[in-house]
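As structure tokens, the structure follows; a few thoughts come after it.
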Amino acid sequence: MEDNNKNNNPDSLYSYSYMNQENQEHNPNYYERQEEERIRAASGQEQTEHQERVYRIGEDSYRQNNTRNDQQFYQSQWSQTSEPEKKKKKKKQKIFREKQAHGFGVTMAKCAALALVFGLVSGTVFYGTGLAFEYGKKTSGSALLENTSGGSGKKDGTTTNSGNLSATGVSTATTINDVADIVDNVMPSIVSITNIGQEEWGSFFGRTYIQDTESAGSGIIIGQTEKEIYIATNNHVVANAKQLRVNFVDDQAVTADIKGTDPSTDLAVLSVAVKDIPAETMEKIKVATLGTSKDVRVGESVVAIGNALGYGQSVTTGVISAIDREVTVQDESTGASITNDLIQTNAAINPGNSGGALLNMKGEVIGINSVKYADTQVEGMGFSIPISVAEPIVNDLITREVVDESSSAYLGVAGQDVTRELSENFGMPEGLYITFVQENSAAERAGIRKGDVLTEFDGKKVNSMAGLEEIIQYYAAGTEVELTIQTNQNGEWQEQKVTAALGKKNN
């Protein structure tokens with residue numbers, strides 16, 4: 001009951017609160033709760049003023065509209081409280097004042113103000129940046145950027161900038177992934193070639209054995225007469241053959257004969273008798289359309305068709321990697337080095353593809369695939385004989401005939417093959433090094449001497465003695481031909497052109 005009376009008496013209540021000052025330190029909202037009960041009884045402006053007075057406890061006295069009990073309470077508190085305790089009260093009252101200053105509404109107002117300032121600053125920066133960019137576009141430097149993007153509007157896509165260099169034009173190239181139509185059109189003109197030959201080899205005990213061999217290649221049907229069909233291929237595909245078999249698009253196999261060869265360019269022509277080809281096959285095969293290799297460009301798309309690895313016709317695609325690549329290969333029959341300028345492509349050309357067709361996107365033959373760079377560390381380097389170089393040679397092989405033995409021609413020299421390796425080691429031209437000149441022969445009368453190097457015969461490259469004999473068999477005695485020789489004069493090789501009237505071999 002005593003405690004209840006204390007609670008009902010304001011004086012005892014404040015006295016109790018004072019006696020429990022330590023508890024108030026842990027509960028700083030104690031007075032606030034007491035005053036909130038009094039505020040509920042007040043109304044309007046008095047409530048607001050009353051609440052403000054609560055937060056200013058210890059600094060200012062209550063205003064005149066406060067109740068007498070409140071004045072007595074605070075007077076009692078200040079009169080009975082020691083100086084240290086008063087400092088504590090002041091400290092606590094300061095905390096209440098800071099809490100009022102950092103209310104939620106004030107914080108939101110500050111945030112809004114900061115956001116407004118940030119927006120104003122950001123907008124100003126972006127606006128200034130835009131003005132600077134627009135100003136920069138009017139300078140000569142930006143004109144260069146515009147020009148290099150093709151801004152001049154010229155049809156060829158080129159333009160001129162502030163310097164002396166023109167900008168690159170817009171390419172008109174398109175990507176072609178589907179070559180099925182090209183293959184369907186050209187495949188009937190491509191054949192597979194099987195070379196059946198014999199190879200002689202000796203054992204450790206000195207015995208000699210002959211073994212049958214078989215190799216694969218490809219060919220292109222390039223012409224037809226009433227009696228024969230002509231197929232262009234590589235010389236190394238038909239070299240040392242005892243029998244040649246051709247397979248057409250329908251896999252019909254027919255025996256073929258060698259019409260002519262040119263080892264110096266690695267070209268050959270086969271002939272197949274029309275009477276040996278079934279009528280059904282004749283309806284399916286076609287003659288290939290020859291294009292030109294003079295205007296091929298690096299990067300141009302190409303298609304290669306051939307009898308890769310002897311499995312039958314297959315198709316690969318790629319681009320022209322380079323033109324006029326100087327490539328040297330070795331003649332399998334003579335061992336002589338053969339050097340020619342070829343087209344390089346990254347279309348896969350594997351063993352068996354030799355003699356096949358390299359096609360442009362029109363389906364025209366622009367090259368006869370010849371060799372693949374033989375190196376395990378290199379990929380995507382195939383080579384093709386340019387069709388503009390091959391066509392006149394092939395036509396010559398088709399039209400010329402081997403001269404009858406009674407009218408065969410004779411030059412009257414013997415020599416040593418000069419391969420690329422010998423040429424590099426001894427500093428002499430590639431060709432046929434003349435070791436002997438027959439007295440009163442066509443060669444002697446033309447001015448050829450021992451020690452000269454024969455490099456061309458009637459415009460055809462000479463790489464070996466066997467190659468010279470291969471060429472001469474198509475010439476009759478008495479024919480005048482132009483010869484190219486290299487003569488050593490005072491340690492320097494000088495080229496000369498001479499004319500020789502071929503003699504008769506039987507004489």
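By convention in this document, the chains of the structure tokens carry letters A, B, ... by their order, each chain's residues are numbered from 1, and ligands are numbered from 1 in the order they are shown.
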Would you list the contacts of Ile349 (chain A) as a VMD selection string, taking every protein, DNA or RNA residue within 12 Å and counting only C-alpha atoms, but skipping same-chain residues closer than 5 positions in sequence?
chain A and resid 217 to 218 303 to 309 313 to 318 344 354 to 358 368 to 374 379 to 384
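Inside region 268-325 of chain A, the residues DSSP reads as strand (DSSP E) when given the backbone are Ala268, Val269, Leu270, Ser271, Val272, Ala273, Ser301, Val302, Val303, Ala304, Ile305, Gly306, Ser314, Val315, Thr316, Thr317, Gly318, Val319, Ile320, Ser321, Ala322, Ile323, Asp324 and Arg325 of chain A.
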Writing out the chosen residues with C-alpha atoms as a tab-separated table (two decimals), in the first residue's frame:
```tsv
chain	number	residue	atom	x	y	z
A	268	ALA	CA	50.03	-35.17	-119.01
A	269	VAL	CA	47.07	-36.02	-121.24
A	270	LEU	CA	45.33	-39.40	-121.42
A	271	SER	CA	43.06	-40.62	-124.20
A	272	VAL	CA	40.14	-43.03	-123.89
A	273	ALA	CA	38.53	-44.58	-126.97
A	301	SER	CA	36.73	-18.90	-102.68
A	302	VAL	CA	37.59	-22.15	-104.44
A	303	VAL	CA	36.44	-25.78	-104.57
A	304	ALA	CA	38.73	-28.78	-105.06
A	305	ILE	CA	37.49	-32.14	-106.37
A	306	GLY	CA	39.61	-35.27	-106.61
A	314	SER	CA	35.53	-36.06	-102.67
A	315	VAL	CA	35.04	-32.31	-102.30
A	316	THR	CA	36.94	-29.74	-100.24
A	317	THR	CA	36.59	-25.96	-100.09
A	318	GLY	CA	38.89	-23.07	-99.27
A	319	VAL	CA	40.33	-19.86	-100.65
A	320	ILE	CA	43.22	-18.74	-102.80
A	321	SER	CA	46.03	-18.36	-100.26
A	322	ALA	CA	48.65	-17.00	-102.65
A	323	ILE	CA	49.52	-16.81	-106.34
A	324	ASP	CA	52.80	-17.33	-108.21
A	325	ARG	CA	54.24	-19.54	-105.49
```
Fill in: Residue set, region 178-257 of chain A restricted to alpha helix (DSSP H), as an MDAnalysis selection string
chainID A and resid 180:186 235:238
The distance between CA of Asn360 (chain A) and CA of Met187 (chain A) is 13.8 Å
Close residues, Lys460 (chain A) itself excluded, 10 Å, only C-alpha atoms, min 6 positions apart in chain, as a ChimeraX atom specification: /A:262-265,393,467-468,471,482-484
Suppose we keep C-alpha atoms; can you now write the selection as a PDB file, in the first residue's frame?
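What landed in part-v2.pdb:
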```pdb
ATOM      1  CA  ASP A 262      55.422 -32.740-120.196  1.00  0.00           C
ATOM      2  CA  PRO A 263      57.609 -33.554-117.178  1.00  0.00           C
ATOM      3  CA  SER A 264      58.871 -29.975-116.938  1.00  0.00           C
ATOM      4  CA  THR A 265      55.387 -28.731-115.985  1.00  0.00           C
ATOM      5  CA  ILE A 393      50.606 -27.147-122.979  1.00  0.00           C
ATOM      6  CA  GLY A 467      62.999 -34.657-120.183  1.00  0.00           C
ATOM      7  CA  LEU A 468      64.776 -33.541-123.359  1.00  0.00           C
ATOM      8  CA  ILE A 471      60.156 -33.471-125.796  1.00  0.00           C
ATOM      9  CA  GLU A 482      64.669 -22.074-130.529  1.00  0.00           C
ATOM     10  CA  LEU A 483      66.914 -23.150-127.668  1.00  0.00           C
ATOM     11  CA  THR A 484      67.742 -21.224-124.476  1.00  0.00           C
TER      12      THR A 484
END
```
**Message:** At a cut-off of 8 Å, using only C-alpha atoms, what residues contact Gly310 (chain A)? Leave out same-chain residues fewer than 6 positions from it and give the result as a ChimeraX atom specification.
**Reply:** /A:192,215-217,351-352
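Separating CA of Val413 (chain A) from CA of Ala443 (chain A) is a distance of 6.7 Å.
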**OP:** Choose the residue, out of A:Ile190, A:Ile231, A:Ile472, A:Ala501, that has the smallest atom-to-atom separation from Asp251 (chain A); count only C-alpha atoms.
**Re:**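 Using only C-alpha atoms, the shortest distance to Asp251 (chain A) belongs to A:Ile190.
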Need to verify the contact set: Gln494 (chain A), 12 Å, only C-alpha atoms, exclusion of same-chain residues closer than 3 positions in sequence. Can you return it as a PDB file with N, CA and C atoms, in the first residue's frame?
```pdb
ATOM      1  N   MET A 428      75.069 -22.480-110.260  1.00  0.00           N
ATOM      2  CA  MET A 428      74.834 -22.616-111.695  1.00  0.00           C
ATOM      3  C   MET A 428      73.340 -22.762-111.969  1.00  0.00           C
ATOM      4  N   PRO A 429      72.887 -22.462-113.183  1.00  0.00           N
ATOM      5  CA  PRO A 429      71.452 -22.521-113.483  1.00  0.00           C
ATOM      6  C   PRO A 429      70.916 -23.960-113.475  1.00  0.00           C
ATOM      7  N   ASP A 452      77.971 -25.596-121.328  1.00  0.00           N
ATOM      8  CA  ASP A 452      76.752 -24.787-121.341  1.00  0.00           C
ATOM      9  C   ASP A 452      75.637 -25.519-120.598  1.00  0.00           C
ATOM     10  N   VAL A 453      74.608 -24.781-120.204  1.00  0.00           N
ATOM     11  CA  VAL A 453      73.440 -25.374-119.551  1.00  0.00           C
ATOM     12  C   VAL A 453      72.217 -25.092-120.415  1.00  0.00           C
ATOM     13  N   LEU A 454      71.583 -26.160-120.907  1.00  0.00           N
ATOM     14  CA  LEU A 454      70.359 -26.031-121.711  1.00  0.00           C
ATOM     15  C   LEU A 454      69.168 -25.924-120.768  1.00  0.00           C
ATOM     16  N   THR A 455      68.405 -24.841-120.867  1.00  0.00           N
ATOM     17  CA  THR A 455      67.286 -24.610-119.943  1.00  0.00           C
ATOM     18  C   THR A 455      65.922 -24.714-120.617  1.00  0.00           C
ATOM     19  N   THR A 484      67.230 -22.190-125.454  1.00  0.00           N
ATOM     20  CA  THR A 484      67.742 -21.224-124.476  1.00  0.00           C
ATOM     21  C   THR A 484      68.859 -21.891-123.704  1.00  0.00           C
ATOM     22  N   ILE A 485      70.038 -21.278-123.717  1.00  0.00           N
ATOM     23  CA  ILE A 485      71.181 -21.834-122.997  1.00  0.00           C
ATOM     24  C   ILE A 485      71.770 -20.782-122.069  1.00  0.00           C
ATOM     25  N   GLN A 486      72.483 -21.242-121.057  1.00  0.00           N
ATOM     26  CA  GLN A 486      73.230 -20.378-120.153  1.00  0.00           C
ATOM     27  C   GLN A 486      74.709 -20.668-120.370  1.00  0.00           C
ATOM     28  N   THR A 487      75.469 -19.632-120.693  1.00  0.00           N
ATOM     29  CA  THR A 487      76.902 -19.772-120.985  1.00  0.00           C
ATOM     30  C   THR A 487      77.712 -19.046-119.921  1.00  0.00           C
ATOM     31  N   ASN A 488      78.746 -19.723-119.438  1.00  0.00           N
ATOM     32  CA  ASN A 488      79.608 -19.140-118.410  1.00  0.00           C
ATOM     33  C   ASN A 488      80.697 -18.314-119.084  1.00  0.00           C
ATOM     34  N   GLN A 489      80.643 -17.007-118.835  1.00  0.00           N
ATOM     35  CA  GLN A 489      81.620 -16.094-119.396  1.00  0.00           C
ATOM     36  C   GLN A 489      82.262 -15.302-118.274  1.00  0.00           C
ATOM     37  N   ASN A 490      83.577 -15.614-118.063  1.00  0.00           N
ATOM     38  CA  ASN A 490      84.350 -14.942-117.012  1.00  0.00           C
ATOM     39  C   ASN A 490      83.712 -15.098-115.635  1.00  0.00           C
ATOM     40  N   GLY A 491      83.200 -16.306-115.398  1.00  0.00           N
ATOM     41  CA  GLY A 491      82.632 -16.604-114.082  1.00  0.00           C
ATOM     42  C   GLY A 491      81.197 -16.182-113.900  1.00  0.00           C
ATOM     43  N   LYS A 497      69.922 -17.047-126.699  1.00  0.00           N
ATOM     44  CA  LYS A 497      68.932 -17.729-127.520  1.00  0.00           C
ATOM     45  C   LYS A 497      69.613 -18.155-128.820  1.00  0.00           C
TER      46      LYS A 497
END
```
Glu456 (chain A) proximity check over A:Gly206, A:Gly367, A:Gly431, A:Gly478, using only C-alpha atoms: winner is A:Gly431
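Proximity ranking of A:Ser423, A:Asp396, A:Ile193, A:Asn346 relative to His236 (chain A) places A:Ile193 first, based on only C-alpha atoms.
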Between CA of Gly459 (chain A) and CA of Gln496 (chain A) lies a distance of 13.2 Å
